[in-house]
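Written below as structure tokens is the structure these notes are about.
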Amino acid sequence: MLKWIASLAAVTIALTTLAYGADKPDKITIGYLNLVNAQLVTKHLGLIAKEMPGVDIKYVKIGGGGDMLRAIAGNDVDFGGLGNPPAAIGVTRGLPIKGIMVINMLDTVEAMVVRTSANIKSLRDLKGKTVAAPFGSTTHYLLLQALKDDGVDPASIKILDLAPSDIAAAWLRGDLDAAWFWEPNLDKAVKNDGHIFMTSGMMGKRGYPTWDIGVVMNAFAAKYPDYVEKFVKAECDGIDFWLNNPAKTAEIIAEELTLPLADATRMMNGTAMVPCDRQLTAQYLGTSSAKGQFVDTLVATADFLVGQDRLPKLLPRDNFDAFVTPSYIEKAVGK
Amino acid sequence: MSGDGGQIAVPMTPSVSGNLRPLRMPKISRSFLLSSLSIAILLGAWMLVTEMGWANELFLPKPQAVWAAFVKTLTKGYQGSTLLEHVGASLYRVLVSFALACLVGIPLGVLMGVSRDARALLNPLIEFYRPLPPLGLYTLLVMWLGIGEASKLSLLFLAGLPGIVISTIQAVSSIDPVYVRAARTLGATRRALIFEIYLPAAGPQILSGMRLSLGFIYTVLVAAEIVAASAGIGWMIWDAAKFLLSDIVIMGLIVLGLTGVALDFTMRLIGRLLMPWTQLSR
């Protein structure tokens, strides 16, 4: 009898804690990449707080994909964003994350800037020059890919690993001849004896699309699936706002990044936002039953990184397929 | 118990020095055994944890994986340089900046130790800059000197300098004034005083200051190689971490540690050769 009561009590306690646990997180931490996209709009308008009243929302700005991977590996964020190379690295190394939405497609917002006075007309002219890119990021990947396509040996170039803000500083000092990185820092190089040689969008047309994907930690998603859906919904609203109110969006970006309005507008036009219902088409995430081209891009990226000795081995396609998870967007857009 | 072990070994080497050897032998082998034991326990725990699957392989790879990473980096290299080239690039930075720190720090310390005026002039600067974390200076150094070797070497130099200066000052100012007075009465010039009295008498303490400062330079190495390096053991660790290659990271740390031990050992050896009369070598 006593045993029966005890076990009943235990079950009750377990059920209530489970119910409370599944109910609501006290706090969520969103790691966002320091670049120009609709996440800034979502953040500025407080759309996530609107979806999740009573939850403490903490935003952490993260410089690039390498740092984001470390933050995820250290369990420092609940939501994050990764370009396709860091996402491919994360999947291959078994990080407990799911890709839940397209944050942005990278176009002219990422570009290779070359020093005008260095007289660089083709990638071959980079031989013996100093070129910077944040290693492990989308632009590092595209730089190596572009060199490979043109048959230029990367070893003939001094390729340096610098964070975007450090690239801007080194550029102003005149230490670099070329750099492939992104706004808002890209502009500082362009305005100081630089011009755009190639954009990430151009590489996308060549068959090397680059994008950033929103990710969630598996443990968070298992515990609070509703809140992942709320997060996606808020970000979708941010994307819709971006698409429908370009003038207002430019003002928000100018304010968030402390930039002149004209610069903010230009940077805005360099990033393509994908409305959430379109993210479920074959070109992007696809649907839960038929995953889209993002899986192909991830496999191709991982394959490339294996060739660069940056990853130990190429995992079967299933792993990348399992990472791309359109189910939250499907719920958010009501499909 | 260990004394028995030692005595068994003795009869095989009939020695003239009699009972000195059996006393020393077990002492060495005992500490050697204990040291080996602690390494073996650490390695055993590492193997146990990874073999039983208690640790995520992403964070703690198996010892075999780390060994494989070591062999691969040694033979095929990591991102364009072999392990020896990475170690070489780092050692170059450490040793050049250490040499510069000695060249500047020892004369500066002797000067400040000998002359009260010099000490009054320079003390505020040294005292202010000594507790500054070198990394705080690094952003400024990169802005001033760029992303090349100059900023890395200066960071390491600045990290190593205060240790040498301060221990040299202390060494020089703690010399028994009797030596100085005796030399003066014998008509020693200022130059002779420095080279015949101050430096030899202060030598051991200067050398221990050098050892400390080399150690300090070494601890700043990884940080110095984070900005825009493309070779170096610290860079290799940092770069591998970006790609979550934890086997390379752990292998790099072990190499970094062993290289540090080797450097310190070399310093002690040099001390023993240069100043055989000192106690420092112990």
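Starting from 1 in every chain, residues are counted up; chains themselves are A, B, ... following the order of the structure tokens, and ligands are numbered from 1 as listed.
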
For the interface of chain A with chain B (cut-off 7 Å, counting only C-alpha atoms), please tabulate each contacting residue of chain A alongside its nearest pair of atoms and their separation in Å to one decimal, rows sorted by chain and increasing number, as CSV.
residue,atom,partner,partner_atom,distance
A:Gly66,CA,B:Lys242,CA,4.8
A:Ile89,CA,B:Phe243,CA,6.5
A:Arg93,CA,B:Leu58,CA,6.6
A:Gly136,CA,B:Lys242,CA,6.5
A:Leu160,CA,B:Ala228,CA,5.2
A:Asp161,CA,B:Ala228,CA,5.2
A:Leu162,CA,B:Ala228,CA,5.6
A:Ala170,CA,B:Gly146,CA,6.5
A:Arg173,CA,B:Gly146,CA,6.8
A:Asp175,CA,B:Gly146,CA,6.6
A:Arg310,CA,B:Phe243,CA,6.6

Output N, CA and C atoms for every residue in the selection just made, as a PDB file, in the first residue's frame.
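Contents of selection-v6.pdb, freshly written:
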ATOM      1  N   GLY A  66      32.592  29.885 -38.044  1.00  0.00           N
ATOM      2  CA  GLY A  66      33.483  29.146 -37.150  1.00  0.00           C
ATOM      3  C   GLY A  66      33.109  29.376 -35.692  1.00  0.00           C
ATOM      4  N   ILE A  89      29.984  21.103 -41.994  1.00  0.00           N
ATOM      5  CA  ILE A  89      30.944  20.689 -40.966  1.00  0.00           C
ATOM      6  C   ILE A  89      30.197  20.183 -39.735  1.00  0.00           C
ATOM      7  N   ARG A  93      30.410  16.454 -38.258  1.00  0.00           N
ATOM      8  CA  ARG A  93      30.999  16.235 -36.939  1.00  0.00           C
ATOM      9  C   ARG A  93      29.960  15.848 -35.898  1.00  0.00           C
ATOM     10  N   GLY A 136      36.521  28.670 -42.886  1.00  0.00           N
ATOM     11  CA  GLY A 136      35.371  27.876 -42.465  1.00  0.00           C
ATOM     12  C   GLY A 136      34.044  28.503 -42.843  1.00  0.00           C
ATOM     13  N   LEU A 160      44.951  34.280 -45.880  1.00  0.00           N
ATOM     14  CA  LEU A 160      44.967  34.475 -44.435  1.00  0.00           C
ATOM     15  C   LEU A 160      43.573  34.338 -43.853  1.00  0.00           C
ATOM     16  N   ASP A 161      43.537  33.852 -42.642  1.00  0.00           N
ATOM     17  CA  ASP A 161      42.284  33.711 -41.905  1.00  0.00           C
ATOM     18  C   ASP A 161      42.092  34.924 -41.015  1.00  0.00           C
ATOM     19  N   LEU A 162      41.087  35.736 -41.329  1.00  0.00           N
ATOM     20  CA  LEU A 162      40.799  36.901 -40.487  1.00  0.00           C
ATOM     21  C   LEU A 162      39.295  37.016 -40.311  1.00  0.00           C
ATOM     22  N   ALA A 170      42.677  45.498 -41.485  1.00  0.00           N
ATOM     23  CA  ALA A 170      43.908  45.192 -42.218  1.00  0.00           C
ATOM     24  C   ALA A 170      43.869  45.816 -43.612  1.00  0.00           C
ATOM     25  N   ARG A 173      44.860  49.398 -43.519  1.00  0.00           N
ATOM     26  CA  ARG A 173      46.303  49.551 -43.362  1.00  0.00           C
ATOM     27  C   ARG A 173      47.052  49.237 -44.646  1.00  0.00           C
ATOM     28  N   ASP A 175      47.373  46.040 -45.824  1.00  0.00           N
ATOM     29  CA  ASP A 175      48.038  44.736 -45.706  1.00  0.00           C
ATOM     30  C   ASP A 175      47.493  43.701 -46.686  1.00  0.00           C
ATOM     31  N   ARG A 310      39.620  19.302 -44.720  1.00  0.00           N
ATOM     32  CA  ARG A 310      39.023  19.995 -43.586  1.00  0.00           C
ATOM     33  C   ARG A 310      38.031  19.100 -42.864  1.00  0.00           C
TER      34      ARG A 310
END

Open item on the list: When DSSP is applied to the backbone of this structure, which of segment 86-308 of chain A are assigned alpha helix (DSSP H)? Write them out as an MDAnalysis selection string.
Closed with: chainID A and resid 86:92 138:149 164:173 186:190 200:205 218:223 225:244 246:257 261:269 276:279 293:307

Task: Top pick for closest residue to Leu140 of chain B, considering B:Ala202, B:Ile169, B:Met236, B:Leu155 and counting only C-alpha atoms - done: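 Using only C-alpha atoms, the shortest distance to Leu140 of chain B belongs to B:Leu155.
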
- [ ] Would you list the contacts of segment 259-269 of chain B as a PyMOL selection string, taking every protein, DNA or RNA residue within 9 Å and counting only C-alpha atoms, but skipping same-chain residues closer than 4 positions in sequence?
- [x] chain B and resi 87+91+207-208+210-211+214-215+218+254-255+273-274+280-282

Task: Secondary structure check, strand (DSSP E or B) residues of segment 7-120 of chain A, as JSON, numbers by chain - done: {"A": [27, 28, 29, 30, 31, 32, 33, 56, 57, 58, 59, 60, 61, 62, 79, 80, 81, 82, 83, 97, 98, 99, 100, 101, 102, 103, 104, 105, 106, 110, 111, 112, 113, 114, 115]}

Open item on the list: Calculated over only C-alpha atoms, which of the candidates A:Val91, A:Val190, A:Leu257, A:Leu172 has the smallest distance to Asp318 of chain A?
Closed with: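 Among A:Val91, A:Val190, A:Leu257, A:Leu172, it is A:Val91 that comes nearest to Asp318 of chain A.
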
Task: Surrounding residues of Leu314 of chain A excluding itself and chain neighbours under 6 positions, 12 Å, only C-alpha atoms, as a list in words - done: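 In the requested format, the answer is Ala88, Ile89, Val91, Thr92, Arg93, Leu298, Val299, Ala300, Thr301, Ala302, Asp303, Phe304, Leu305, Val306, Gly307, Gln308 and Phe320 of chain A.
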